[in-house]
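All remarks here apply to the structure that follows.
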Amino acid sequence: MSLRIFNTLSRALQHFSPIEAGHVRMYVCGMTVYDYCHLGHARAMVAFDVVQRWLKVSGFRVTYVRNVTDIDDKIIRRALDNKESIRTLTDRMVDALHQDADALGVERPTHEPRATEYVPQMLQLIGKLESKGLAYHAANGDVNYAVRKFPGYGKLSGKSLDELRAGERVAVAGGKEDPLDFVLWKSAKESEPDEAKWPSSYGSGRPGWHIECSAMGCEMLGESFDIHGGGADLQFPHHENEIAQSEGAFGKPLAQVWMHNGFVTRDNEKMSKSLGNFFTIRDILAQYDAETTRFFIVRAHYRSALNHSDAHLDDARNALKRLYTALDLVPPVSVETIDWSQPAAARFKAAMDEDFGTPEAVAVLFELANEVNRSRSPALSGLLKSLGGCLGLLQQAPKPFCSRAQNWMQRLFSY
């Protein structure tokens, strides 16, 4: 069975074949680094970490790009509030991002471009759009994208221009010719620090958010690549606008496959700062170990909603302990290469080849753990550990993990 991936653009599962045989080029929208990463960021990082791991297991060479947005309105405001430079703030937050991702077992991407390092490429792309009549210089100094001049706008979100226009509740402002138009280049404001401004033929300013990813993706992966990923909240307008920019400039599909991971909820209510149910990765890791947190994320399908609650994390810890208990009971033999014809391995592969079906793959791990407990087979224990490794799990020493989990349970029931 070949790999099938659900393509948000086609709204269907489709067989995956990269543009260049044997080589997958994947771009995933990263974080805007003005604060610590939250559980939603963890969900995206872990989801696409599993994707790139499985692509490698499947024999592909993977070039994985996950960008960093290090210039943005929120970043500027936070730096001014903190009375620190933008670079000091973003460097500190990038370091924290790496610490959180490393703790969760997220492998570093092949490339991690920072937006501020690619402003010349962004300006070149804006110039190309202007030459094609898709961008215009507004009276307020901004450069905007003319949405209605791009025939395919709305194809990712499934919304027509009329539907989008009907939902528009603000008047045309800032020199826009149409409320749907979006900014490509923001004219500098006197109140903004000099480090938030770049010279250009349009005047001093800085790039809009959407143009950043189009320029970085094109520069690092080419005008058309295999997979573009991100959270479901980015589907519109960010990814829709990326398509308009890149395809408007180059006349070819930006990505063959669009992947979006689902939202994170708290007790079945969407997680947000305004509701006070917002948790950073560090908040979670203060109460739960990192592998339990990763397992909690992995055992849900990446496209489904992920409901965060203490009860679900407690259950994840107990479930993970069951897997480690099997490895502790029967020390695994080293498995150099997984035999995918082995029944459990074949079921695992079939699950992962069907749109990275981690819930079914995790179910195979538990079936295998039960068989290890019954048969006392070191070979099956080795297979359990190796299959877990495909998901970034079960690579710790079993006994210490089981001891820590048991100690936690004892503390819980002592309250």
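Chains: A, B, ... in order of the structure tokens. Residues: from 1 per chain. Ligands: from 1, in order shown.
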
**Q.** Distance query Val46 (chain A) at most 12 Å, only C-alpha atoms, self and fewer than 6 positions along chain excluded, as a VMD selection string
**A.** chain A and resid 28 39 to 40 52 to 53 100 to 109 230 to 231 261 281 290 to 291 293 to 302 358 391 to 393

Q.
Between A:Ala196, A:Leu380, A:Ile19, A:Ala44, which residue has the minimum interatomic distance to Ile71 (chain A), considering only C-alpha atoms?
A. A:Ala196

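Running DSSP on the backbone gives strand (DSSP E) for these residues within region 32-177 of chain A: A:Arg61, A:Val62, A:Thr63, A:Tyr64, A:Val65, A:Arg66, A:Ala135, A:Tyr136, A:His137, A:Val143, A:Asn144, A:Tyr145.
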
Keeping only N, CA and C atoms, write those residues as a PDB file, in the first residue's frame.
```pdb
ATOM      1  N   ARG A  61      14.051  11.025   1.029  1.00  0.00           N
ATOM      2  CA  ARG A  61      14.899  12.090   1.565  1.00  0.00           C
ATOM      3  C   ARG A  61      13.994  13.298   1.770  1.00  0.00           C
ATOM      4  N   VAL A  62      14.079  13.922   2.934  1.00  0.00           N
ATOM      5  CA  VAL A  62      13.154  15.011   3.270  1.00  0.00           C
ATOM      6  C   VAL A  62      13.915  16.309   3.500  1.00  0.00           C
ATOM      7  N   THR A  63      13.510  17.340   2.801  1.00  0.00           N
ATOM      8  CA  THR A  63      13.964  18.692   3.100  1.00  0.00           C
ATOM      9  C   THR A  63      12.793  19.403   3.763  1.00  0.00           C
ATOM     10  N   TYR A  64      12.944  19.627   5.050  1.00  0.00           N
ATOM     11  CA  TYR A  64      11.853  20.144   5.872  1.00  0.00           C
ATOM     12  C   TYR A  64      12.199  21.564   6.302  1.00  0.00           C
ATOM     13  N   VAL A  65      11.360  22.508   5.898  1.00  0.00           N
ATOM     14  CA  VAL A  65      11.544  23.923   6.252  1.00  0.00           C
ATOM     15  C   VAL A  65      10.411  24.342   7.181  1.00  0.00           C
ATOM     16  N   ARG A  66      10.772  24.867   8.343  1.00  0.00           N
ATOM     17  CA  ARG A  66       9.794  25.448   9.274  1.00  0.00           C
ATOM     18  C   ARG A  66      10.300  26.837   9.630  1.00  0.00           C
ATOM     19  N   ALA A 135      -0.559  43.716  -7.680  1.00  0.00           N
ATOM     20  CA  ALA A 135      -0.235  44.519  -6.504  1.00  0.00           C
ATOM     21  C   ALA A 135      -0.265  45.989  -6.895  1.00  0.00           C
ATOM     22  N   TYR A 136      -0.617  46.821  -5.939  1.00  0.00           N
ATOM     23  CA  TYR A 136      -0.673  48.255  -6.197  1.00  0.00           C
ATOM     24  C   TYR A 136      -0.166  49.034  -4.988  1.00  0.00           C
ATOM     25  N   HIS A 137       0.420  50.182  -5.249  1.00  0.00           N
ATOM     26  CA  HIS A 137       0.971  51.064  -4.219  1.00  0.00           C
ATOM     27  C   HIS A 137      -0.143  51.993  -3.760  1.00  0.00           C
ATOM     28  N   VAL A 143       1.810  48.646   0.165  1.00  0.00           N
ATOM     29  CA  VAL A 143       1.601  47.949  -1.097  1.00  0.00           C
ATOM     30  C   VAL A 143       0.637  46.803  -0.810  1.00  0.00           C
ATOM     31  N   ASN A 144      -0.448  46.737  -1.557  1.00  0.00           N
ATOM     32  CA  ASN A 144      -1.494  45.752  -1.306  1.00  0.00           C
ATOM     33  C   ASN A 144      -1.639  44.775  -2.467  1.00  0.00           C
ATOM     34  N   TYR A 145      -2.164  43.600  -2.144  1.00  0.00           N
ATOM     35  CA  TYR A 145      -2.483  42.600  -3.163  1.00  0.00           C
ATOM     36  C   TYR A 145      -3.920  42.792  -3.612  1.00  0.00           C
TER      37      TYR A 145
END
```

Q. A:Gly251, A:Gly141, A:Pro398, A:Pro359: which is nearest Tyr324 (chain A), counting only C-alpha atoms?
A. A:Pro398

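Using only C-alpha atoms, the protein and nucleic acid residues lying no more than 7 Å from Thr8 (chain A), apart from those fewer than 2 places from it along its own chain, are Phe6, Ser10, Arg11, Leu156, Trp258 and Met259 of chain A.
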
Q: Using only C-alpha atoms, find the one residue out of A:Lys321, A:His228, A:Arg404, A:Arg114 that sits nearest to Thr32 (chain A).
A: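 Ranked by minimum distance to Thr32 (chain A), first place goes to A:Arg114.
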
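Residue nearest Thr88 (chain A), chosen from A:Val119, A:Ile338, A:Ala42, A:Val33 and counting only C-alpha atoms: A:Val33.
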
Q) Could you state the separation of CA of Val364 (chain A) and CA of Ala305 (chain A) in Å, given to one decimal place? A)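 About the pair CA of Val364 (chain A) and CA of Ala305 (chain A): they are 21.8 Å apart.
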